[in-house]
Amino acid sequence: MTLSEEDYIKAIYHLGKGDNVTVSTNAVAEQMETKPSSVTDMVKKLAEKGLVNYKPYKGVSLTEYGQKTALTLVRKHRLWEVFLVEKLDFSWDEVHDVAEQLEHIKSEKLIDSLDKHLGFPQVDPHGDPIPSKKGEFKKAIKKLLNEVPIGTSGICVGVKDSSPPFLKFLDKNKIALGDSILVLDKEEFDGSLHIQIKNNKIHISSQIATNLYLKITE
């Protein structure tokens, strides 16, 4: 497989939210920042290789082989992110683009050794689950912060938006994975929240609340 083909497989996987649903070629084009006609050409090639099921005007989904390939790429990407943060002192907003390059390394032995060296981590620096070598992982039971009622407390376990600007915002406001969060109040006007993190009370926008995942503790 070419690097471009692998990128398409992973994009289709993420658009389907890992559930292998059919996604439109327009959605893939938007994700890949390319023309729909280019996507059509690519998915036809992927279909010939047995990686996707493609139906004109209906969309594309991954085959079992395509799903396995996507999970392998996701595993490599997230393991490299853990390595960059834990071993090379990268910040969590710096690792995505580097991991995008490293995920294309083919050596299975290297990735297995990396996994063992890191102690078989279950999640990446953004709280996303890391598939095992067999492509298995547990989906976390979590809710977005804006979806929980006032008085809810929980642990910050992930981010929906992993873009550098958002992650830098969290660092600036000292919000990190593993932090205990208590929802104190919600503004009816704009949906913004008053929350308590550790002993600090802060006010966050609705946009921030829609991008933080909480594992409920009470």
# chains A, B, ... in the order shown; residues from 1 in each chain; ligands from 1
$ closest_atom_pairs --of "region 101-208 of chain A" --to "region 65-74 of chain A" --cutoff "12 Å" --atoms "only C-alpha atoms" --output "CSV"
residue,atom,partner,partner_atom,distance
A:Gln101,CA,A:Leu73,CA,10.9
A:Leu102,CA,A:Leu73,CA,9.8
A:Glu103,CA,A:Leu73,CA,6.0
A:His104,CA,A:Leu73,CA,7.3
A:Ile105,CA,A:Leu73,CA,9.4
A:Lys106,CA,A:Leu73,CA,9.8
A:Ser107,CA,A:Thr72,CA,11.5
A:Glu108,CA,A:Thr72,CA,9.6
A:Ile111,CA,A:Thr72,CA,9.8
A:Asp112,CA,A:Thr72,CA,11.2
A:Val123,CA,A:Val74,CA,11.4
A:Asp124,CA,A:Val74,CA,10.4
A:Asp128,CA,A:Val74,CA,10.0
A:Pro129,CA,A:Val74,CA,9.4
A:Ile130,CA,A:Val74,CA,7.4
A:Pro131,CA,A:Leu71,CA,6.6
A:Ser132,CA,A:Thr72,CA,8.6
A:Lys133,CA,A:Thr72,CA,7.4
A:Lys134,CA,A:Lys68,CA,8.5
A:Gly135,CA,A:Leu71,CA,5.7
A:Glu136,CA,A:Leu71,CA,8.6
A:Phe137,CA,A:Leu71,CA,9.9
$ atom_distance --atom1 "CA of Leu118 (chain A)" --atom2 "CA of Arg75 (chain A)"
13.0 Å
$ closest_atom_pairs --of "region 148-175 of chain A" --to "region 186-193 of chain A" --cutoff "12 Å" --atoms "only C-alpha atoms" --output "Markdown table"
| residue | atom | partner | partner_atom | distance |
| --- | --- | --- | --- | --- |
| A:Val148 | CA | A:Lys186 | CA | 10.2 |
| A:Pro149 | CA | A:Lys186 | CA | 8.6 |
| A:Ile150 | CA | A:Lys186 | CA | 6.9 |
| A:Gly151 | CA | A:Lys186 | CA | 10.1 |
| A:Thr152 | CA | A:Lys186 | CA | 11.5 |
$ select_by_dssp --residues "chain A" --states "helix (DSSP H, G or I)" --output "PyMOL selection string"
chain A and resi 3-15+25-32+36-48+64-88+95-102+108-117+145-147+164-172+206-209
$ residues_around --residues "Pro125 (chain A)" --least-positions-apart "2" --cutoff "7 Å" --atoms "only C-alpha atoms" --output "number ranges by chain"
A: 81-82, 92, 123, 127
$ write_last_selection --atoms "C-alpha atoms" --output "CSV table (one decimal), in the first residue's frame"
chain,number,residue,atom,x,y,z
A,81,GLU,CA,2.2,9.6,20.3
A,82,VAL,CA,2.8,8.0,23.7
A,92,TRP,CA,0.5,16.7,23.6
A,123,VAL,CA,-4.7,5.1,25.8
A,127,GLY,CA,-7.3,9.8,26.0
$ select_by_dssp --residues "region 69-212 of chain A" --states "strand (DSSP E)" --output "list in words"
Lys143, Leu144, Ser153, Gly154, Ile155, Cys156, Val157, Gly158, Val159, Ser180, Ile181, Leu182, Val183, Leu184, Asp185, Lys186, Leu193, His194, Ile195, Gln196, Ile197, Asn200, Lys201, Ile202, His203, Ile204 and Leu212 of chain A
$ write_last_selection --atoms "N, CA, C and O atoms" --output "compact mmCIF listing (two decimals), in the first residue's frame"
# COMPACT_ATOMS: atom_id res chain seq x y z
N LYS A 143 -18.82 10.83 28.53
CA LYS A 143 -19.77 11.81 28.00
C LYS A 143 -19.06 13.14 27.81
O LYS A 143 -18.12 13.45 28.54
N LEU A 144 -19.54 13.90 26.84
CA LEU A 144 -19.00 15.24 26.68
C LEU A 144 -19.44 16.10 27.84
O LEU A 144 -20.57 15.96 28.34
N SER A 153 -19.89 15.11 38.76
CA SER A 153 -18.44 15.11 38.92
C SER A 153 -17.86 13.92 38.18
O SER A 153 -18.51 12.89 38.02
N GLY A 154 -16.66 14.08 37.70
CA GLY A 154 -16.04 13.01 36.95
C GLY A 154 -14.58 13.29 36.68
O GLY A 154 -14.01 14.27 37.17
N ILE A 155 -13.98 12.41 35.90
CA ILE A 155 -12.56 12.53 35.55
C ILE A 155 -12.45 12.87 34.07
O ILE A 155 -13.11 12.26 33.23
N CYS A 156 -11.62 13.85 33.75
CA CYS A 156 -11.37 14.20 32.36
C CYS A 156 -10.57 13.06 31.72
O CYS A 156 -9.44 12.79 32.14
N VAL A 157 -11.16 12.40 30.73
CA VAL A 157 -10.51 11.21 30.16
C VAL A 157 -10.18 11.36 28.68
O VAL A 157 -9.60 10.44 28.08
N GLY A 158 -10.53 12.48 28.07
CA GLY A 158 -10.21 12.61 26.66
C GLY A 158 -10.65 13.93 26.07
O GLY A 158 -11.38 14.70 26.71
N VAL A 159 -10.21 14.17 24.85
CA VAL A 159 -10.61 15.38 24.13
C VAL A 159 -11.18 14.99 22.77
O VAL A 159 -10.70 14.05 22.14
N SER A 180 -9.95 15.86 38.13
CA SER A 180 -11.34 15.76 38.60
C SER A 180 -12.07 17.05 38.26
O SER A 180 -11.55 18.14 38.51
N ILE A 181 -13.25 16.91 37.67
CA ILE A 181 -14.04 18.08 37.28
C ILE A 181 -15.43 17.99 37.90
O ILE A 181 -16.08 16.95 37.84
N LEU A 182 -15.88 19.09 38.49
CA LEU A 182 -17.23 19.19 39.05
C LEU A 182 -17.95 20.31 38.31
O LEU A 182 -17.44 21.43 38.22
N VAL A 183 -19.13 19.99 37.77
CA VAL A 183 -19.93 21.00 37.07
C VAL A 183 -20.76 21.77 38.10
O VAL A 183 -21.65 21.21 38.74
N LEU A 184 -20.45 23.05 38.26
CA LEU A 184 -21.10 23.87 39.28
C LEU A 184 -22.38 24.53 38.77
O LEU A 184 -23.38 24.60 39.48
N ASP A 185 -22.33 25.03 37.54
CA ASP A 185 -23.49 25.77 37.02
C ASP A 185 -23.38 25.87 35.51
O ASP A 185 -22.29 25.72 34.93
N LYS A 186 -24.53 26.12 34.88
CA LYS A 186 -24.57 26.27 33.42
C LYS A 186 -25.37 27.52 33.07
O LYS A 186 -26.47 27.73 33.59
N LEU A 193 -20.15 26.97 30.98
CA LEU A 193 -20.19 26.25 32.25
C LEU A 193 -19.26 26.87 33.29
O LEU A 193 -18.19 27.38 32.96
N HIS A 194 -19.69 26.80 34.53
CA HIS A 194 -18.84 27.11 35.67
C HIS A 194 -18.43 25.76 36.25
O HIS A 194 -19.29 24.95 36.62
N ILE A 195 -17.14 25.49 36.28
CA ILE A 195 -16.67 24.19 36.75
C ILE A 195 -15.58 24.37 37.81
O ILE A 195 -14.99 25.44 37.93
N GLN A 196 -15.35 23.29 38.54
CA GLN A 196 -14.27 23.27 39.51
C GLN A 196 -13.30 22.17 39.14
O GLN A 196 -13.70 21.02 38.95
N ILE A 197 -12.04 22.53 38.99
CA ILE A 197 -10.98 21.57 38.70
C ILE A 197 -10.01 21.60 39.88
O ILE A 197 -9.41 22.64 40.14
N ASN A 200 -9.70 24.82 41.93
CA ASN A 200 -9.87 26.04 41.14
C ASN A 200 -11.22 26.09 40.45
O ASN A 200 -11.65 25.11 39.84
N LYS A 201 -11.88 27.23 40.56
CA LYS A 201 -13.16 27.43 39.89
C LYS A 201 -12.93 28.30 38.65
O LYS A 201 -12.33 29.38 38.75
N ILE A 202 -13.37 27.80 37.50
CA ILE A 202 -13.20 28.56 36.26
C ILE A 202 -14.48 28.54 35.44
O ILE A 202 -15.37 27.71 35.66
N HIS A 203 -14.56 29.45 34.48
CA HIS A 203 -15.71 29.56 33.58
C HIS A 203 -15.22 29.19 32.19
O HIS A 203 -14.26 29.76 31.68
N ILE A 204 -15.89 28.21 31.54
CA ILE A 204 -15.48 27.80 30.20
C ILE A 204 -16.64 27.95 29.23
O ILE A 204 -17.81 27.84 29.61
N LEU A 212 -14.54 18.24 25.63
CA LEU A 212 -13.91 17.55 26.75
C LEU A 212 -14.76 16.35 27.16
O LEU A 212 -15.96 16.47 27.38
$ closest_residue --among "A:Ile12, A:Val95, A:Leu79, A:Ala209" --to "Tyr54 (chain A)" --atoms "only C-alpha atoms"
A:Ile12
$ atom_distance --atom1 "CA of His77 (chain A)" --atom2 "CA of Ala11 (chain A)"
12.9 Å
$ atom_distance --atom1 "CA of Val52 (chain A)" --atom2 "CA of Gln122 (chain A)"
27.7 Å
$ residues_around --residues "Tyr57 (chain A)" --least-positions-apart "6" --cutoff "12 Å" --atoms "only C-alpha atoms" --output "VMD selection string"
chain A and resid 22 to 26 36 40
$ write_last_selection --atoms "C-alpha atoms" --output "short mmCIF file (atom, residue, chain, number, x, y, z; two decimals), in the first residue's frame"
data_model
loop_
_atom_site.label_atom_id
_atom_site.label_comp_id
_atom_site.auth_asym_id
_atom_site.auth_seq_id
_atom_site.Cartn_x
_atom_site.Cartn_y
_atom_site.Cartn_z
CA THR A 22 -20.86 3.76 5.03
CA VAL A 23 -19.56 7.31 4.58
CA SER A 24 -20.00 9.61 1.61
CA THR A 25 -17.17 10.33 -0.79
CA ASN A 26 -17.82 14.04 -0.22
CA PRO A 36 -14.52 14.32 -4.79
CA THR A 40 -13.69 8.32 -6.36
#
$ residues_around --residues "Phe169 (chain A)" --least-positions-apart "5" --cutoff "12 Å" --atoms "only C-alpha atoms" --output "list of chain:residue names"
A:Trp92, A:Asp93, A:Asp161, A:Ser162, A:Ser163, A:Pro164, A:Lys174, A:Ile175, A:Ala176, A:Ile204, A:Ser205, A:Gln207, A:Ile208, A:Asn211
$ closest_residue --among "A:Glu30, A:Glu147, A:Glu5, A:Asp89" --to "Lys49 (chain A)" --atoms "only C-alpha atoms"
A:Glu5
$ closest_residue --among "A:Lys109, A:Lys198, A:Pro56, A:Asn20" --to "Ser37 (chain A)" --atoms "only C-alpha atoms"
A:Pro56
